[in-house]
There are 2 protein chains.
Amino acid sequence: MRVVVTGAAGFVGNGLARHLVANPDSFGRPLSKLILADLAKGPEDPGGGAFAEWRCGDLASPVWLDAVFDEPVDCLFHLASIPGSRAERQPDLGWAVNLEAPLALARRLARQGRETGIVPRVVFASTIAVYGPLGPDPVTEDQPPRPVISYGAHKLMTEILLADLSRRGEIDARSVRLPGIVARPVSGSGHGSAFMSQLFYKAKAGEPYVCPVSRDAAAWWMSLETCVANLVHAARLDTHGLPTTRTWQLPALHARVDDIVAALDRQLGDQTGARVRFAPDEETERLFCRFPPLASPVALEAGFLRDRDANSLVESTLAGMQR
Amino acid sequence: MRVVVTGAAGFVGNGLARHLVANPDSFGRPLSKLILADLAKGPEDPGGGAFAEWRCGDLASPVWLDAVFDEPVDCLFHLASIPGSRAERQPDLGWAVNLEAPLALARRLARQGRETGIVPRVVFASTIAVYGPLGPDPVTEDQPPRPVISYGAHKLMTEILLADLSRRGEIDARSVRLPGIVARPVSGSGHGSAFMSQLFYKAKAGEPYVCPVSRDAAAWWMSLETCVANLVHAARLDTHGLPTTRTWQLPALHARVDDIVAALDRQLGDQTGARVRFAPDEETERLFCRFPPLASPVALEAGFLRDRDANSLVESTLAGMQR
């Protein structure tokens, strides 16, 4: 089985690559080749010896894509993207990576499906940014998507395209809307939700942290471990019985920032909680911290996972940071 | 004021072009140039002398687009598309015209908006095919779109993109979802809903007609006259107060096929109704004739029009066919 991961050098991509290397039987039949696609190798080698292979280049380059897809692919995990706030600042880059690249990938794989009969599974990392502003009422899986950043708009467009190509039987797509995944390495990656991860890094380093949202702000959280399990689960789901939209809202944990801080305090001690100060930034809070409770019975029924509570999320996340 | 109409040789495009030529003051300031863009001139000259000008070429050609958009445009009506059933049969053509072309146009106009400060209005002819299968219950303007043909998927993706570029202030888009517009000339245009127009043509010609849906099938109808008025209204609406989605479901007339036949019979006499025989085709009925009642209070409040009833629709449509 031949699997491609785009964005393999990123936080989620690296986590997924390590998981697949450690579990090459994840899909029922053995993984014979794992192609790790990104602009450059990541800081951390996922291992895998001969069967995991980096192919570094630009998603916008057809020549490079020809090299990545030189043989029919059984499964693509498309994770590469320009994060929301960076895409707002660099709209041409966002357009190229978040819109044109997935369209070109989808079209290429649809051609593979038509021409070779090997209909590739496509797991697409979509985002809760598709929704736009949410009210205070609990959100269900029927929440109409009304994105207010280009990142969310482009991801939503991609979901629709993947569902349509799946309906035609040319690909077999599964889009999952990711919440904030922690603890993402702090970098200039352009995630407006970076504070969600900063809480963990600063706590672990024993450093003070000025949090740009208020203590009672609530967000949707998921540990990397749970996220990776969900991506693999999406790929493994039987084609039969998938919804028309081919899209799931992953069952994120709805938690307040101070619940996370309290759990960090419990697990790390050493006055961790006391070192966090809250200085809300209106824009950050508006975009990332007015999330109402989320009900995702359909996704849970389909076997997707949620971090159980703040303690469990923090425990899993701190363990992941130990590696 | 410089206005471009794509698909100007088509049924709706020609109706719009004739209206604009006859009403060059439709927008508050005078129309100085009306560019009629299509693969080739239509069968009917909309008139307009020097101020209306055909530019014939392929939307997929950047060189031709450079010629069409050689000067900043104040308003684009983007009507060109490959109809649904034809796009299903010719997916590459559908992709090029229904997806790539509007994306390229939107991007070109966004660049104009950024670089010249002339933020173009864009009126986009979307479609009720965005919804997919509808149940028996009345549909509201909140109906979630779940397209099951590529035509609908591509139109929905375009709506989302246009709304996002409008949010960025680079264009000023207004998407309107068109129902079945009558009476479209009968041709190989690939509209699965062609029977809606055939009813009119056959009745007017005094010919028998085997209707591919049952007599109690119901569809969403709009006369060309009402459709053109709605397109112009969309362009005229104040930017202030437009919804985030920049999208309206036009207030179509929900009517049964036998109501339309009865109205034709009343207005044309001569046993018109008796010449229609019903031989339902399951696929046509499924896609085009299980439309529930439609409530569109938001669009009506915004000033969009609906044909009042079957009699009024038939009267307006027959009058249009007299020209």
# chains A, B, ... in the order shown; residues from 1 in each chain; ligands from 1
>>> residues_around(residues="range 172-179 of chain A", least_positions_apart="2", cutoff="8 Å", atoms="only C-alpha atoms", output="compact mmCIF listing (two decimals) with C-alpha atoms, in the first residue's frame")
# COMPACT_ATOMS: atom_id res chain seq x y z
CA VAL A 119 -9.55 4.87 -6.57
CA PRO A 120 -7.43 6.64 -3.97
CA ARG A 121 -8.67 7.40 -0.50
CA VAL A 122 -8.12 11.04 0.36
CA VAL A 123 -8.11 12.21 3.96
CA PHE A 124 -8.37 15.98 3.99
CA ALA A 125 -7.53 18.06 7.03
CA SER A 126 -10.25 20.66 7.01
CA THR A 127 -10.89 23.10 9.84
CA ILE A 128 -13.40 24.54 12.25
CA GLU A 159 -14.48 19.75 1.00
CA LEU A 162 -13.72 16.24 -2.79
CA ALA A 163 -17.30 15.19 -2.04
CA LEU A 165 -15.34 13.72 -7.05
CA SER A 166 -16.19 10.98 -4.55
CA GLY A 169 -16.43 7.46 -7.92
CA GLU A 170 -13.10 8.93 -9.02
CA ILE A 181 -4.39 20.74 17.98
CA TRP A 220 -12.24 23.45 20.95
CA TRP A 221 -9.15 21.35 21.73
CA MET A 222 -7.63 18.09 20.60
CA CYS A 227 -5.89 13.92 16.08
CA LEU A 231 -6.91 10.87 10.68
CA ALA A 234 -10.91 8.48 8.63
CA ALA A 235 -8.73 6.59 6.16
CA THR A 239 -16.56 3.52 1.93
CA ARG A 246 -17.79 13.10 3.07
CA THR A 247 -17.18 15.48 5.95
CA TRP A 248 -17.09 15.12 9.71
CA GLN A 249 -16.70 17.64 12.46
CA LEU A 250 -14.19 15.89 14.70
CA ALA A 252 -13.27 18.22 19.87
>>> interface_residues(of="chain B", to="chain A", cutoff="7 Å", atoms="only C-alpha atoms", output="list in words")
Pro144, Arg146, Val148, Ser150, Ala153, Met157, Ile160, Leu161, Asp164 and Thr245 of chain B
>>> closest_residue(among="B:Leu313, B:Glu115, B:Ala101, B:Trp64", to="Ala183 in chain B", atoms="only C-alpha atoms")
B:Leu313
>>> calpha_fit_and_write(fixed="chain B", moving="chain A", output="tab-separated table (two decimals) with C-alpha atoms, in the first residue's frame")
chain	number	residue	atom	x	y	z
A	1	MET	CA	-19.92	52.76	-16.43
A	2	ARG	CA	-18.34	49.68	-17.93
A	3	VAL	CA	-20.25	46.40	-17.71
A	4	VAL	CA	-19.28	42.91	-18.85
A	5	VAL	CA	-21.77	40.09	-19.40
A	6	THR	CA	-20.34	36.60	-19.83
A	7	GLY	CA	-22.57	34.04	-21.49
A	8	ALA	CA	-24.08	36.98	-23.38
A	9	ALA	CA	-25.16	34.78	-26.27
A	10	GLY	CA	-27.14	32.51	-23.97
A	11	PHE	CA	-30.82	32.71	-23.15
A	12	VAL	CA	-30.49	34.70	-19.93
A	13	GLY	CA	-27.45	36.63	-21.15
A	14	ASN	CA	-29.27	37.80	-24.26
A	15	GLY	CA	-32.28	38.82	-22.20
A	16	LEU	CA	-30.04	40.79	-19.85
A	17	ALA	CA	-28.13	42.40	-22.72
A	18	ARG	CA	-31.35	43.54	-24.39
A	19	HIS	CA	-32.56	44.96	-21.09
A	20	LEU	CA	-29.34	46.88	-20.49
A	21	VAL	CA	-29.30	48.24	-24.03
A	22	ALA	CA	-32.89	49.44	-23.59
A	23	ASN	CA	-32.18	50.80	-20.10
A	24	PRO	CA	-28.65	52.18	-20.11
A	25	ASP	CA	-29.44	54.15	-16.97
A	26	SER	CA	-30.17	51.00	-14.93
A	27	PHE	CA	-27.35	51.71	-12.50
A	28	GLY	CA	-27.88	55.33	-11.56
A	29	ARG	CA	-25.00	56.41	-13.76
A	30	PRO	CA	-24.95	55.91	-17.52
A	31	LEU	CA	-23.67	52.77	-19.12
A	32	SER	CA	-20.78	53.87	-21.33
A	33	LYS	CA	-19.72	50.40	-22.48
A	34	LEU	CA	-21.42	47.02	-22.48
A	35	ILE	CA	-19.08	44.17	-23.30
A	36	LEU	CA	-20.84	41.03	-24.47
A	37	ALA	CA	-18.56	38.07	-23.90
A	38	ASP	CA	-19.21	34.60	-25.23
A	39	LEU	CA	-17.73	31.94	-27.49
A	40	ALA	CA	-19.59	33.46	-30.43
A	41	LYS	CA	-22.28	36.05	-31.02
A	42	GLY	CA	-25.77	34.93	-30.19
A	43	PRO	CA	-28.51	34.41	-32.77
A	44	GLU	CA	-30.17	37.61	-31.66
A	45	ASP	CA	-28.50	41.02	-31.69
A	46	PRO	CA	-29.32	42.91	-28.52
A	47	GLY	CA	-28.68	46.19	-30.35
A	48	GLY	CA	-26.92	48.99	-28.53
A	49	GLY	CA	-24.91	50.41	-31.40
A	50	ALA	CA	-21.47	51.61	-30.46
A	51	PHE	CA	-21.77	51.15	-26.73
A	52	ALA	CA	-22.50	47.41	-26.85
A	53	GLU	CA	-19.58	45.43	-28.16
A	54	TRP	CA	-19.10	41.69	-28.68
A	55	ARG	CA	-15.80	40.15	-27.61
A	56	CYS	CA	-15.86	36.51	-28.60
A	57	GLY	CA	-13.51	33.94	-27.17
A	58	ASP	CA	-12.91	31.23	-24.61
A	59	LEU	CA	-13.17	32.01	-20.90
A	60	ALA	CA	-10.31	29.59	-20.35
A	61	SER	CA	-7.96	31.77	-22.40
A	62	PRO	CA	-5.98	34.31	-20.37
A	63	VAL	CA	-5.11	36.20	-23.55
A	64	TRP	CA	-8.76	36.67	-24.40
A	65	LEU	CA	-9.56	37.67	-20.81
A	66	ASP	CA	-6.83	40.31	-21.07
A	67	ALA	CA	-8.72	41.72	-24.05
A	68	VAL	CA	-12.09	41.63	-22.28
A	69	PHE	CA	-10.71	43.27	-19.16
A	70	ASP	CA	-8.41	45.72	-20.90
A	71	GLU	CA	-9.88	48.53	-18.82
A	72	PRO	CA	-11.25	48.44	-15.27
A	73	VAL	CA	-14.76	47.03	-15.13
A	74	ASP	CA	-17.47	48.44	-12.87
A	75	CYS	CA	-19.76	45.45	-13.00
A	76	LEU	CA	-19.49	41.87	-14.20
A	77	PHE	CA	-22.50	39.66	-14.73
A	78	HIS	CA	-21.04	36.17	-14.82
A	79	LEU	CA	-23.63	33.97	-16.49
A	80	ALA	CA	-21.50	31.66	-18.65
A	81	SER	CA	-21.67	28.03	-17.65
A	82	ILE	CA	-21.98	24.47	-18.85
A	83	PRO	CA	-25.42	23.21	-17.80
A	84	GLY	CA	-25.72	20.40	-15.27
A	85	SER	CA	-26.37	17.32	-17.31
A	86	ARG	CA	-23.84	18.26	-19.97
A	87	ALA	CA	-21.23	18.91	-17.27
A	88	GLU	CA	-21.88	15.43	-15.88
A	89	ARG	CA	-21.20	13.94	-19.31
A	90	GLN	CA	-18.20	16.19	-20.07
A	91	PRO	CA	-16.56	16.68	-16.70
A	92	ASP	CA	-13.37	18.27	-18.07
A	93	LEU	CA	-15.41	20.91	-19.88
A	94	GLY	CA	-17.51	21.47	-16.77
A	95	TRP	CA	-14.38	21.84	-14.64
A	96	ALA	CA	-12.89	24.38	-17.05
A	97	VAL	CA	-16.00	26.54	-17.44
A	98	ASN	CA	-17.90	26.07	-14.18
A	99	LEU	CA	-14.94	26.00	-11.78
A	100	GLU	CA	-11.68	27.27	-13.24
A	101	ALA	CA	-13.15	30.14	-15.24
A	102	PRO	CA	-15.04	31.82	-12.37
A	103	LEU	CA	-12.04	31.36	-10.09
A	104	ALA	CA	-9.78	33.01	-12.65
A	105	LEU	CA	-12.32	35.80	-13.26
A	106	ALA	CA	-12.74	36.42	-9.55
A	107	ARG	CA	-9.01	36.57	-9.04
A	108	ARG	CA	-8.54	38.94	-11.96
A	109	LEU	CA	-11.25	41.28	-10.66
A	110	ALA	CA	-9.87	41.11	-7.11
A	111	ARG	CA	-6.54	42.25	-8.49
A	112	GLN	CA	-8.32	45.11	-10.25
A	113	GLY	CA	-9.97	46.04	-6.94
A	114	ARG	CA	-6.65	46.04	-5.10
A	115	GLU	CA	-4.61	47.77	-7.77
A	116	THR	CA	-6.97	50.39	-9.18
A	117	GLY	CA	-9.31	50.98	-6.25
A	118	ILE	CA	-12.24	50.35	-8.62
A	119	VAL	CA	-13.90	47.53	-6.71
A	120	PRO	CA	-16.06	45.75	-9.28
A	121	ARG	CA	-19.54	44.52	-8.54
A	122	VAL	CA	-19.93	40.90	-9.55
A	123	VAL	CA	-23.36	39.39	-10.09
A	124	PHE	CA	-23.00	35.64	-10.21
A	125	ALA	CA	-25.69	33.38	-11.61
A	126	SER	CA	-25.68	30.50	-9.17
A	127	THR	CA	-28.27	27.75	-9.12
A	128	ILE	CA	-30.77	25.81	-7.06
A	129	ALA	CA	-28.66	22.76	-7.98
A	130	VAL	CA	-26.50	23.67	-4.97
A	131	TYR	CA	-29.08	22.06	-2.68
A	132	GLY	CA	-29.15	18.49	-3.83
A	133	PRO	CA	-32.17	16.35	-2.95
A	134	LEU	CA	-34.88	18.22	-1.05
A	135	GLY	CA	-37.43	16.59	1.20
A	136	PRO	CA	-41.17	17.26	1.10
A	137	ASP	CA	-41.03	20.01	3.75
A	138	PRO	CA	-40.97	23.65	2.71
A	139	VAL	CA	-37.48	24.98	2.09
A	140	THR	CA	-36.24	28.17	3.68
A	141	GLU	CA	-33.27	30.33	2.83
A	142	ASP	CA	-31.27	28.42	5.48
A	143	GLN	CA	-31.47	25.16	3.53
A	144	PRO	CA	-27.97	23.61	3.74
A	145	PRO	CA	-26.49	23.18	0.26
A	146	ARG	CA	-25.49	19.57	-0.49
A	147	PRO	CA	-25.03	19.38	-4.25
A	148	VAL	CA	-25.15	16.03	-6.01
A	149	ILE	CA	-24.08	17.19	-9.45
A	150	SER	CA	-20.77	18.84	-10.30
A	151	TYR	CA	-22.54	21.86	-11.73
A	152	GLY	CA	-24.05	22.57	-8.32
A	153	ALA	CA	-20.80	21.83	-6.48
A	154	HIS	CA	-18.80	24.20	-8.69
A	155	LYS	CA	-21.39	26.98	-8.39
A	156	LEU	CA	-21.39	26.60	-4.61
A	157	MET	CA	-17.59	26.76	-4.48
A	158	THR	CA	-17.73	29.93	-6.55
A	159	GLU	CA	-20.29	31.52	-4.21
A	160	ILE	CA	-17.94	30.87	-1.28
A	161	LEU	CA	-14.96	32.33	-3.07
A	162	LEU	CA	-16.85	35.45	-4.16
A	163	ALA	CA	-18.07	36.02	-0.60
A	164	ASP	CA	-14.53	35.72	0.71
A	165	LEU	CA	-13.07	38.17	-1.81
A	166	SER	CA	-15.93	40.54	-0.99
A	167	ARG	CA	-15.13	40.28	2.72
A	168	ARG	CA	-11.59	41.30	1.83
A	169	GLY	CA	-13.02	44.33	-0.01
A	170	GLU	CA	-11.42	43.35	-3.32
A	171	ILE	CA	-14.66	42.74	-5.18
A	172	ASP	CA	-18.30	43.39	-4.31
A	173	ALA	CA	-20.16	40.20	-5.18
A	174	ARG	CA	-23.79	39.22	-5.21
A	175	SER	CA	-24.67	35.61	-5.98
A	176	VAL	CA	-28.22	34.70	-6.88
A	177	ARG	CA	-29.45	31.14	-7.08
A	178	LEU	CA	-31.54	30.78	-10.23
A	179	PRO	CA	-34.39	28.28	-10.56
A	180	GLY	CA	-35.59	26.99	-13.95
A	181	ILE	CA	-35.89	30.01	-16.26
A	182	VAL	CA	-38.51	29.75	-18.99
A	183	ALA	CA	-38.83	29.51	-21.90
A	184	ARG	CA	-35.26	28.64	-22.77
A	185	PRO	CA	-34.81	27.83	-26.48
A	186	VAL	CA	-34.73	24.11	-26.97
A	187	SER	CA	-31.27	23.05	-28.04
A	188	GLY	CA	-28.57	20.65	-27.12
A	189	SER	CA	-27.67	22.95	-24.25
A	190	GLY	CA	-27.69	20.09	-21.78
A	191	HIS	CA	-30.25	21.42	-19.34
A	192	GLY	CA	-31.93	18.44	-17.69
A	193	SER	CA	-34.78	20.80	-16.88
A	194	ALA	CA	-35.42	21.46	-20.59
A	195	PHE	CA	-38.94	20.05	-20.26
A	196	MET	CA	-39.92	23.19	-18.32
A	197	SER	CA	-39.34	25.23	-21.46
A	198	GLN	CA	-40.46	22.57	-23.93
A	199	LEU	CA	-43.95	22.81	-22.43
A	200	PHE	CA	-44.09	26.41	-23.67
A	201	TYR	CA	-42.56	25.84	-27.11
A	202	LYS	CA	-44.69	22.84	-27.92
A	203	ALA	CA	-47.85	24.55	-26.67
A	204	LYS	CA	-47.13	27.63	-28.72
A	205	ALA	CA	-46.39	25.58	-31.84
A	206	GLY	CA	-49.62	23.62	-31.33
A	207	GLU	CA	-47.63	20.38	-31.23
A	208	PRO	CA	-48.16	17.36	-28.99
A	209	TYR	CA	-45.65	16.95	-26.15
A	210	VAL	CA	-44.64	13.93	-24.13
A	211	CYS	CA	-43.64	15.41	-20.79
A	212	PRO	CA	-40.89	13.44	-18.96
A	213	VAL	CA	-42.30	14.14	-15.50
A	214	SER	CA	-45.68	13.45	-13.96
A	215	ARG	CA	-48.52	15.96	-13.97
A	216	ASP	CA	-48.32	16.59	-10.24
A	217	ALA	CA	-44.57	17.08	-10.29
A	218	ALA	CA	-43.63	20.48	-8.88
A	219	ALA	CA	-40.71	22.69	-9.81
A	220	TRP	CA	-39.36	26.17	-9.11
A	221	TRP	CA	-40.03	28.51	-12.05
A	222	MET	CA	-39.11	32.01	-13.10
A	223	SER	CA	-39.86	33.93	-16.27
A	224	LEU	CA	-36.94	35.44	-18.17
A	225	GLU	CA	-38.34	38.91	-17.53
A	226	THR	CA	-38.36	38.37	-13.76
A	227	CYS	CA	-34.91	36.77	-13.88
A	228	VAL	CA	-33.41	39.73	-15.73
A	229	ALA	CA	-35.05	42.17	-13.31
A	230	ASN	CA	-33.52	40.20	-10.43
A	231	LEU	CA	-30.02	40.20	-11.93
A	232	VAL	CA	-30.16	43.95	-12.40
A	233	HIS	CA	-31.57	44.37	-8.91
A	234	ALA	CA	-28.68	42.32	-7.50
A	235	ALA	CA	-26.22	44.67	-9.18
A	236	ARG	CA	-27.99	47.77	-7.89
A	237	LEU	CA	-28.29	46.74	-4.23
A	238	ASP	CA	-26.40	48.90	-1.78
A	239	THR	CA	-23.20	47.26	-0.64
A	240	HIS	CA	-24.01	48.26	2.89
A	241	GLY	CA	-25.99	45.59	4.68
A	242	LEU	CA	-25.40	42.71	2.27
A	243	PRO	CA	-25.25	39.33	4.01
A	244	THR	CA	-21.85	37.74	4.71
A	245	THR	CA	-22.57	34.98	2.23
A	246	ARG	CA	-23.41	37.53	-0.51
A	247	THR	CA	-25.93	34.96	-1.68
A	248	TRP	CA	-29.67	34.97	-2.18
A	249	GLN	CA	-32.08	32.25	-3.14
A	250	LEU	CA	-34.22	34.03	-5.71
A	251	PRO	CA	-37.92	33.84	-4.80
A	252	ALA	CA	-38.98	31.33	-7.45
A	253	LEU	CA	-42.56	30.39	-8.15
A	254	HIS	CA	-43.36	26.91	-6.79
A	255	ALA	CA	-45.83	25.41	-9.23
A	256	ARG	CA	-47.02	22.03	-10.40
A	257	VAL	CA	-46.56	21.06	-14.02
A	258	ASP	CA	-50.32	20.70	-14.51
A	259	ASP	CA	-50.84	24.24	-13.16
A	260	ILE	CA	-48.54	25.51	-15.89
A	261	VAL	CA	-50.29	23.36	-18.51
A	262	ALA	CA	-53.69	24.65	-17.35
A	263	ALA	CA	-52.47	28.26	-17.60
A	264	LEU	CA	-51.12	27.59	-21.10
A	265	ASP	CA	-54.48	26.06	-22.00
A	266	ARG	CA	-56.34	29.10	-20.68
A	267	GLN	CA	-54.15	31.53	-22.59
A	268	LEU	CA	-53.63	29.66	-25.85
A	269	GLY	CA	-56.88	27.67	-26.03
A	270	ASP	CA	-57.08	25.29	-28.96
A	271	GLN	CA	-56.91	22.18	-26.73
A	272	THR	CA	-53.34	22.98	-25.71
A	273	GLY	CA	-53.66	21.02	-22.47
A	274	ALA	CA	-55.04	17.95	-24.21
A	275	ARG	CA	-51.92	17.64	-26.38
A	276	VAL	CA	-49.64	17.09	-23.34
A	277	ARG	CA	-49.07	13.48	-22.33
A	278	PHE	CA	-47.13	12.54	-19.19
A	279	ALA	CA	-44.50	9.80	-19.31
A	280	PRO	CA	-42.36	10.30	-16.21
A	281	ASP	CA	-38.64	9.59	-16.44
A	282	GLU	CA	-37.45	8.67	-12.99
A	283	GLU	CA	-34.09	10.47	-13.13
A	284	THR	CA	-35.51	13.71	-14.54
A	285	GLU	CA	-38.27	13.70	-11.97
A	286	ARG	CA	-35.84	12.99	-9.13
A	287	LEU	CA	-33.49	15.82	-10.07
A	288	PHE	CA	-35.91	18.49	-11.24
A	289	CYS	CA	-39.41	17.82	-10.02
A	290	ARG	CA	-39.50	17.01	-6.38
A	291	PHE	CA	-39.22	20.58	-5.30
A	292	PRO	CA	-41.09	21.47	-2.12
A	293	PRO	CA	-42.57	24.92	-1.49
A	294	LEU	CA	-39.98	27.66	-1.09
A	295	ALA	CA	-40.09	30.48	1.45
A	296	SER	CA	-37.76	33.35	0.62
A	297	PRO	CA	-38.67	36.22	2.96
A	298	VAL	CA	-35.12	37.57	3.07
A	299	ALA	CA	-34.84	37.85	-0.71
A	300	LEU	CA	-38.33	39.35	-1.03
A	301	GLU	CA	-37.49	41.85	1.72
A	302	ALA	CA	-34.32	42.74	-0.21
A	303	GLY	CA	-36.51	43.57	-3.21
A	304	PHE	CA	-36.08	40.49	-5.38
A	305	LEU	CA	-39.12	39.53	-7.44
A	306	ARG	CA	-41.22	36.44	-7.96
A	307	ASP	CA	-43.66	35.62	-10.76
A	308	ARG	CA	-46.97	35.93	-8.94
A	309	ASP	CA	-48.64	32.71	-10.06
A	310	ALA	CA	-48.78	30.23	-12.94
A	311	ASN	CA	-50.99	32.55	-15.03
A	312	SER	CA	-48.66	35.46	-14.57
A	313	LEU	CA	-45.58	33.33	-15.33
A	314	VAL	CA	-47.19	31.96	-18.50
A	315	GLU	CA	-48.39	35.37	-19.64
A	316	SER	CA	-44.97	36.98	-19.19
A	317	THR	CA	-43.25	34.02	-20.83
A	318	LEU	CA	-45.54	33.88	-23.88
A	319	ALA	CA	-45.16	37.65	-24.32
A	320	GLY	CA	-41.37	37.24	-24.28
A	321	MET	CA	-41.61	34.52	-26.93
A	322	GLN	CA	-43.59	36.87	-29.21
A	323	ARG	CA	-40.72	39.24	-29.73
>>> select_by_dssp(residues="range 31-195 of chain A", states="strand (DSSP E or B)", output="number ranges by chain")
A: 33-38, 52-56, 75-78, 121-127, 139, 172-178, 180-182
>>> select_by_dssp(residues="range 77-158 of chain A", states="alpha helix (DSSP H)", output="PyMOL selection string")
chain A and resi 84-89+91-94+101-116+150-158
